[in-house]
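Shown below: final34.txt, with compact mmCIF, C-alpha atoms and all ligand atoms.
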# COMPACT_ATOMS: atom_id res chain seq x y z
CA MET B 24 3.16 66.51 -16.10
CA THR B 25 6.20 67.31 -13.94
CA ARG B 26 8.30 64.68 -12.18
CA GLN B 27 6.95 65.71 -8.77
CA ASP B 28 3.39 64.82 -9.75
CA GLU B 29 4.51 61.24 -10.41
CA THR B 30 5.19 60.53 -6.70
CA PRO B 31 3.69 57.09 -6.14
CA GLN B 32 0.90 56.66 -3.54
CA ALA B 33 2.85 54.06 -1.60
CA VAL B 34 5.44 56.47 -0.22
CA LYS B 35 2.80 58.69 1.38
CA PRO B 36 2.46 58.14 5.15
CA PRO B 37 -0.14 55.59 6.15
CA THR B 38 -3.42 56.98 7.33
CA GLY B 39 -6.14 55.99 9.80
CA GLY B 40 -5.73 53.17 12.35
CA ASP B 41 -2.39 51.94 11.03
CA ALA B 42 -0.80 55.35 11.36
CA ALA B 43 -2.06 55.85 14.88
CA ARG B 44 -0.72 52.46 15.93
CA ALA B 45 2.67 53.10 14.32
CA GLN B 46 2.92 56.47 16.00
CA GLY B 47 2.00 54.98 19.35
CA PHE B 48 4.67 52.32 18.93
CA VAL B 49 7.35 54.86 18.09
CA ALA B 50 6.29 57.06 20.96
CA SER B 51 6.54 54.17 23.39
CA LEU B 52 10.05 53.37 22.11
CA VAL B 53 11.31 56.82 22.92
CA SER B 54 9.42 57.26 26.13
CA TRP B 55 11.42 58.25 29.16
CA ARG B 56 11.00 54.86 30.78
CA ASP B 57 12.76 53.15 27.88
CA SER B 58 15.48 55.77 27.84
CA LEU B 59 16.05 55.10 31.50
CA LEU B 60 16.16 51.37 30.88
CA CYS B 61 18.72 51.83 28.08
CA ALA B 62 20.89 54.03 30.28
CA ALA B 63 20.70 51.47 33.08
CA LEU B 64 21.67 48.68 30.68
CA MET B 65 24.63 50.66 29.37
CA ALA B 66 25.78 51.57 32.86
CA GLY B 67 25.35 47.95 33.94
CA PHE B 68 27.45 46.74 31.01
CA ALA B 69 30.18 49.30 31.71
CA PHE B 70 30.36 48.33 35.40
CA TRP B 71 30.35 44.64 34.56
CA ALA B 72 33.07 45.05 31.92
CA HIS B 73 35.18 47.14 34.24
CA PHE B 74 34.86 45.35 37.56
CA GLY B 75 33.22 42.01 37.05
CA SER B 76 33.97 40.45 33.68
CA ASP B 77 37.70 39.74 34.08
CA LEU B 78 37.93 39.50 30.27
CA PRO B 79 41.32 40.68 28.95
CA VAL B 80 39.68 42.66 26.15
CA PHE B 81 38.04 44.95 28.72
CA ARG B 82 41.17 45.44 30.79
CA SER B 83 43.77 48.10 30.20
CA HIS B 84 46.22 46.75 32.73
CA VAL B 85 48.91 44.22 31.92
CA THR B 86 48.77 40.60 32.99
CA LEU B 87 50.67 40.11 36.24
CA GLU B 88 53.45 37.60 35.69
CA LYS B 89 55.53 35.97 38.34
CA GLY B 90 58.49 38.04 39.47
CA TRP B 91 57.07 41.40 38.36
CA ASP B 92 56.40 42.75 41.86
CA GLU B 93 59.90 41.85 42.96
CA PHE B 94 61.41 43.27 39.77
CA ARG B 95 59.38 46.40 40.22
CA ALA B 96 60.62 46.95 43.76
CA ARG B 97 64.24 46.12 42.94
CA ASN B 98 64.38 48.45 39.92
CA ASP B 99 62.59 51.49 41.36
CA VAL B 100 59.81 51.26 38.80
CA ASN B 101 57.69 53.35 41.18
CA ASP B 102 59.91 56.33 40.32
CA PHE B 103 57.71 56.47 37.21
CA GLY B 104 54.51 56.30 39.22
CA GLU B 105 52.25 53.69 40.76
CA ASP B 106 50.44 53.15 37.49
CA GLY B 107 50.32 54.80 34.11
CA TYR B 108 51.25 54.31 30.47
CA PHE B 109 54.98 54.14 31.16
CA VAL B 110 54.71 51.63 33.99
CA ARG B 111 52.30 49.46 32.03
CA ALA B 112 54.63 49.55 29.01
CA ALA B 113 57.57 48.58 31.23
CA GLN B 114 55.51 45.72 32.65
CA ASN B 115 54.56 44.53 29.18
CA GLY B 116 58.25 44.78 28.21
CA TYR B 117 59.03 42.63 31.24
CA ASN B 118 56.48 40.04 30.11
CA VAL B 119 57.87 40.04 26.57
CA PHE B 120 61.47 39.77 27.79
CA PHE B 121 60.93 36.90 30.24
CA PHE B 122 58.00 35.10 28.58
CA THR B 123 58.63 35.87 24.92
CA SER B 124 56.88 32.89 23.39
CA ARG B 125 53.74 33.80 25.34
CA TYR B 126 53.70 37.59 24.97
CA ALA B 127 55.33 38.02 21.56
CA GLY B 128 54.24 34.70 20.10
CA ARG B 129 53.51 36.21 16.72
CA PHE B 130 57.17 37.20 16.29
CA THR B 131 58.79 33.87 17.17
CA ARG B 132 58.49 30.24 16.21
CA LYS B 133 59.84 29.24 19.65
CA THR B 134 57.33 27.61 21.94
CA GLY B 135 57.23 27.33 25.71
CA ALA B 136 58.27 23.70 25.34
CA GLU B 137 61.72 24.64 24.01
CA PRO B 138 64.49 25.30 26.52
CA ILE B 139 65.44 28.61 24.87
CA ASN B 140 62.17 30.46 24.30
CA ALA B 141 62.70 33.97 25.66
CA CYS B 142 65.05 36.92 25.45
CA ALA B 143 65.91 36.10 29.06
CA SER B 144 67.27 32.70 27.94
CA CYS B 145 70.30 34.53 26.53
CA HIS B 146 70.30 38.00 28.09
CA THR B 147 69.92 39.53 31.52
CA ALA B 148 67.68 42.54 32.07
CA GLU B 149 70.86 44.54 32.80
CA ASP B 150 72.20 43.61 29.33
CA MET B 151 69.23 45.46 27.86
CA ALA B 152 70.04 48.59 29.89
CA TYR B 153 73.68 48.64 28.76
CA SER B 154 72.66 47.95 25.20
CA PHE B 155 70.12 50.78 25.41
CA VAL B 156 72.66 53.42 26.47
CA ASN B 157 75.12 52.14 23.87
CA SER B 158 72.67 51.94 20.98
CA ASP B 159 72.51 54.13 17.93
CA ARG B 160 76.23 53.60 17.42
CA PHE B 161 78.21 52.64 14.38
CA ASP B 162 78.45 48.87 14.07
CA THR B 163 81.77 48.03 12.42
CA ALA B 164 80.64 44.53 11.44
CA LEU B 165 77.54 45.85 9.67
CA GLY B 166 79.12 49.07 8.50
CA ARG B 167 76.28 51.29 9.71
CA ARG B 168 74.55 52.75 12.71
CA LEU B 169 72.22 50.42 14.58
CA SER B 170 69.41 51.55 16.85
CA PHE B 171 68.28 49.66 19.95
CA GLU B 172 65.08 48.76 18.10
CA GLU B 173 67.07 47.22 15.26
CA ARG B 174 69.06 45.14 17.74
CA VAL B 175 65.79 43.82 19.09
CA MET B 176 64.50 43.12 15.58
CA ARG B 177 67.67 41.22 14.72
CA CYS B 178 67.19 38.96 17.74
CA PHE B 179 63.59 38.23 16.78
CA ALA B 180 64.72 37.28 13.29
CA GLY B 181 67.82 35.32 14.34
CA PRO B 182 68.03 33.72 17.78
CA MET B 183 64.26 33.77 18.27
CA ASN B 184 63.81 32.13 14.85
CA GLY B 185 60.87 34.36 14.09
CA PHE B 186 59.61 37.42 12.33
CA ILE B 187 60.68 41.04 12.48
CA PRO B 188 58.21 43.32 14.25
CA THR B 189 57.82 46.80 12.81
CA LEU B 190 59.50 49.72 14.52
CA TYR B 191 56.13 50.90 15.79
CA ASP B 192 55.00 47.64 17.31
CA PRO B 193 54.25 47.86 21.06
CA THR B 194 56.49 44.81 21.50
CA VAL B 195 59.54 46.76 20.36
CA ARG B 196 58.45 49.96 22.07
CA ASP B 197 57.88 48.21 25.40
CA LEU B 198 61.22 46.37 25.28
CA ARG B 199 62.80 49.78 24.87
CA ILE B 200 60.87 51.19 27.83
CA PHE B 201 61.81 48.09 29.85
CA ALA B 202 65.49 48.76 29.03
CA ARG B 203 65.10 52.46 29.89
CA THR B 204 63.60 51.61 33.26
CA ILE B 205 66.59 49.45 34.18
CA ALA B 206 69.06 52.02 32.84
CA HIS B 207 67.37 54.58 35.06
CA HIS B 208 67.68 52.32 38.09
CA LEU B 209 71.38 51.65 37.36
CA ARG B 210 71.87 55.39 36.73
CA LEU B 211 73.57 54.64 33.43
CA SER B 212 74.60 57.60 31.35
CA GLU B 213 75.05 57.62 27.60
CA GLY B 214 77.75 55.12 26.61
CA ALA B 215 78.17 53.66 30.11
CA GLN B 216 80.22 50.46 30.15
CA ARG B 217 79.78 47.59 32.58
CA GLY B 218 82.16 47.67 35.53
CA LYS B 219 83.14 51.30 34.95
CA SER B 220 81.59 54.23 36.76
C1 LIG J 1 69.69 32.29 21.56
C2 LIG J 1 70.20 33.46 22.24
C3 LIG J 1 69.49 34.79 22.08
C4 LIG J 1 68.17 35.08 22.28
C5 LIG J 1 67.05 34.11 22.64
C6 LIG J 1 68.04 36.50 22.11
N1 LIG J 1 69.23 37.06 21.82
FE1 LIG J 1 69.65 39.05 21.72
N2 LIG J 1 71.56 38.63 21.23
C7 LIG J 1 72.10 37.36 21.12
C8 LIG J 1 73.48 37.49 20.64
C9 LIG J 1 74.42 36.33 20.35
C10 LIG J 1 73.74 38.87 20.47
C11 LIG J 1 75.00 39.55 19.97
C12 LIG J 1 75.14 39.43 18.47
C13 LIG J 1 74.39 40.48 17.72
O1 LIG J 1 74.48 41.66 18.07
O2 LIG J 1 73.74 40.13 16.71
C14 LIG J 1 72.51 39.56 20.87
C15 LIG J 1 72.38 40.93 20.91
C16 LIG J 1 71.27 41.59 21.40
C17 LIG J 1 71.19 43.02 21.64
C18 LIG J 1 72.32 44.00 21.43
C19 LIG J 1 73.30 43.83 22.55
C20 LIG J 1 74.41 44.86 22.51
O3 LIG J 1 75.56 44.46 22.70
O4 LIG J 1 74.11 46.03 22.30
C21 LIG J 1 69.94 43.28 22.11
C22 LIG J 1 69.36 44.63 22.51
C23 LIG J 1 69.23 42.03 22.14
N3 LIG J 1 70.06 41.02 21.72
C24 LIG J 1 67.91 41.90 22.53
C25 LIG J 1 67.23 40.69 22.49
C26 LIG J 1 65.81 40.59 22.74
C27 LIG J 1 64.87 41.76 23.06
C28 LIG J 1 65.50 39.26 22.63
C29 LIG J 1 64.13 38.63 22.74
C30 LIG J 1 63.17 39.04 21.78
C31 LIG J 1 66.73 38.55 22.35
N4 LIG J 1 67.74 39.45 22.26
C32 LIG J 1 66.83 37.17 22.24
C33 LIG J 1 71.48 36.19 21.46
C34 LIG J 1 70.15 36.05 21.77

Can the structure in the file be given as structure tokens, please?
Amino acid sequence: MTRQDETPQAVKPPTGGDAARAQGFVASLVSWRDSLLCAALMAGFAFWAHFGSDLPVFRSHVTLEKGWDEFRARNDVNDFGEDGYFVRAAQNGYNVFFFTSRYAGRFTRKTGAEPINACASCHTAEDMAYSFVNSDRFDTALGRRLSFEERVMRCFAGPMNGFIPTLYDPTVRDLRIFARTIAHHLRLSEGAQRGKS
């Protein structure tokens, strides 16, 4: 006897009335009416998620914080377009800079209740622009080159009494883009110093 001959009866397809009923059930599942219903449900969900739900998880745009529209106008953010990845990153950088405990809460132990709870408690937005065009320089105190990102990391660890984000974290990336946006507005060139043209 070969192995094939040992196939048990149970795995053979059911026969008679049962089989007909099962086939009818399957056929009804895949009928065009059900397909249409599924498509309508999916489309309905997509429209609801996009336009109606207002749930952050379904939104790709950044939460509008107070002062952003004014900041945007004052700093020519529209030079980079009405909307897009860069503008959204700059806006997120703005949120992180001015509302750090809220938008980068996982990198700081500071809470909104403390008087100093944001980058903006100690720095101006312009500081970030000057720091950006003067970054990647040799730091005599540390004895090595320091990137803009590392400066940001140091402030999360020190003054923000928190944790160091990785280099690739959107928090760090967006603070950089925020600084770039302001540097662009101020027309700062590499190494520009405050008060000098
Ligand atoms: C409690 C005050 C304080 C807070 C809050 C603070 N910083 Fe700083 N920051 C400093 C001081 C002091 C220095 C200069 C000393 C140093 O370089 O370590 C500095 C330096 C910097 C520099 C480099 C400036 C330069 O001269 O090039 C950057 C960039 C920076 N901070 C970004 C940030 C960001 C981003 C945040 C928020 C996540 C932040 N800081 C929060 C006090 C603060």

- [ ] Identify the residues around (56.6, 50.8, 27.8) within a radius of 8 Å, measuring from all atoms listed in the file in the coordinates stated by the file, and give them as number ranges by chain.
- [x] B: 108-116, 193, 196-201

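Among the candidates B:Ala180, B:Asp159, B:Thr134, B:Asp99, the one nearest to Arg210 (chain B) when counting all atoms listed in the file is B:Asp99.
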
Task: 8 Å contact set for region 69-73 of chain B, all atoms listed in the file, chain neighbours under 5 positions out, as a PyMOL selection string - done: chain B and resi 78+81-82

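All residues that come within 12 Å of the coordinates (66.2, 57.2, 33.0), counting all atoms listed in the file, are given as Asn98, Asp99, Val100, Asp102, Phe103, Phe109, Ala152, Phe155, Val156, Arg199, Ile200, Phe201, Ala202, Arg203, Thr204, Ile205, Ala206, His207, His208, Leu209, Arg210, Leu211, Ser212 and Glu213 of chain B.
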
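Compared by their closest atoms to ligand LIG 1 (chain J), and using all atoms listed in the file, the residues B:Thr86, B:Ser154, B:Ser51, B:Ser58 rank with B:Ser154 nearest.
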
TODO: Counting all atoms listed in the file, figure out which residue out of B:Ala215, B:Pro182, B:Asn101, B:Phe161 gets nearest to Ala141 (chain B).
DONE: B:Pro182

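Going from atom C12 of ligand LIG 1 (chain J) over to CA of Gly181 (chain B), you cover 9.4 Å.
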
Exercise answer, 9 Å around ligand LIG 1 (chain J) with only C-alpha atoms and all ligand atoms, as a PDB file with C-alpha atoms, in the coordinates of the input:
ATOM      1  CA  GLY B 116      58.250  44.780  28.210  1.00  0.00           C
ATOM      2  CA  VAL B 119      57.870  40.040  26.570  1.00  0.00           C
ATOM      3  CA  PHE B 120      61.470  39.770  27.790  1.00  0.00           C
ATOM      4  CA  PHE B 121      60.930  36.900  30.240  1.00  0.00           C
ATOM      5  CA  THR B 123      58.630  35.870  24.920  1.00  0.00           C
ATOM      6  CA  SER B 124      56.880  32.890  23.390  1.00  0.00           C
ATOM      7  CA  ALA B 127      55.330  38.020  21.560  1.00  0.00           C
ATOM      8  CA  PHE B 130      57.170  37.200  16.290  1.00  0.00           C
ATOM      9  CA  THR B 131      58.790  33.870  17.170  1.00  0.00           C
ATOM     10  CA  ILE B 139      65.440  28.610  24.870  1.00  0.00           C
ATOM     11  CA  ASN B 140      62.170  30.460  24.300  1.00  0.00           C
ATOM     12  CA  ALA B 141      62.700  33.970  25.660  1.00  0.00           C
ATOM     13  CA  CYS B 142      65.050  36.920  25.450  1.00  0.00           C
ATOM     14  CA  ALA B 143      65.910  36.100  29.060  1.00  0.00           C
ATOM     15  CA  SER B 144      67.270  32.700  27.940  1.00  0.00           C
ATOM     16  CA  CYS B 145      70.300  34.530  26.530  1.00  0.00           C
ATOM     17  CA  HIS B 146      70.300  38.000  28.090  1.00  0.00           C
ATOM     18  CA  ASP B 150      72.200  43.610  29.330  1.00  0.00           C
ATOM     19  CA  MET B 151      69.230  45.460  27.860  1.00  0.00           C
ATOM     20  CA  ALA B 152      70.040  48.590  29.890  1.00  0.00           C
ATOM     21  CA  TYR B 153      73.680  48.640  28.760  1.00  0.00           C
ATOM     22  CA  SER B 154      72.660  47.950  25.200  1.00  0.00           C
ATOM     23  CA  PHE B 155      70.120  50.780  25.410  1.00  0.00           C
ATOM     24  CA  VAL B 156      72.660  53.420  26.470  1.00  0.00           C
ATOM     25  CA  ASN B 157      75.120  52.140  23.870  1.00  0.00           C
ATOM     26  CA  SER B 158      72.670  51.940  20.980  1.00  0.00           C
ATOM     27  CA  SER B 170      69.410  51.550  16.850  1.00  0.00           C
ATOM     28  CA  PHE B 171      68.280  49.660  19.950  1.00  0.00           C
ATOM     29  CA  GLU B 172      65.080  48.760  18.100  1.00  0.00           C
ATOM     30  CA  GLU B 173      67.070  47.220  15.260  1.00  0.00           C
ATOM     31  CA  ARG B 174      69.060  45.140  17.740  1.00  0.00           C
ATOM     32  CA  VAL B 175      65.790  43.820  19.090  1.00  0.00           C
ATOM     33  CA  MET B 176      64.500  43.120  15.580  1.00  0.00           C
ATOM     34  CA  ARG B 177      67.670  41.220  14.720  1.00  0.00           C
ATOM     35  CA  CYS B 178      67.190  38.960  17.740  1.00  0.00           C
ATOM     36  CA  PHE B 179      63.590  38.230  16.780  1.00  0.00           C
ATOM     37  CA  ALA B 180      64.720  37.280  13.290  1.00  0.00           C
ATOM     38  CA  GLY B 181      67.820  35.320  14.340  1.00  0.00           C
ATOM     39  CA  PRO B 182      68.030  33.720  17.780  1.00  0.00           C
ATOM     40  CA  MET B 183      64.260  33.770  18.270  1.00  0.00           C
ATOM     41  CA  ASN B 184      63.810  32.130  14.850  1.00  0.00           C
ATOM     42  CA  THR B 194      56.490  44.810  21.500  1.00  0.00           C
ATOM     43  CA  VAL B 195      59.540  46.760  20.360  1.00  0.00           C
ATOM     44  CA  LEU B 198      61.220  46.370  25.280  1.00  0.00           C
ATOM     45  CA  ARG B 199      62.800  49.780  24.870  1.00  0.00           C
ATOM     46  CA  ALA B 202      65.490  48.760  29.030  1.00  0.00           C
TER      47      ALA B 202
END

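Among the candidates B:Gly40, B:Gly185, B:Cys61, B:Gly107, the one nearest to Arg132 (chain B) when counting all atoms listed in the file is B:Gly185.
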
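Here CA of Gly128 (chain B) stands at a distance of 11.8 Å from CA of Ile187 (chain B).
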
Task: Between CA of Lys89 (chain B) and CA of Gly104 (chain B) - distance in Å to one decimal - done: 20.4 Å
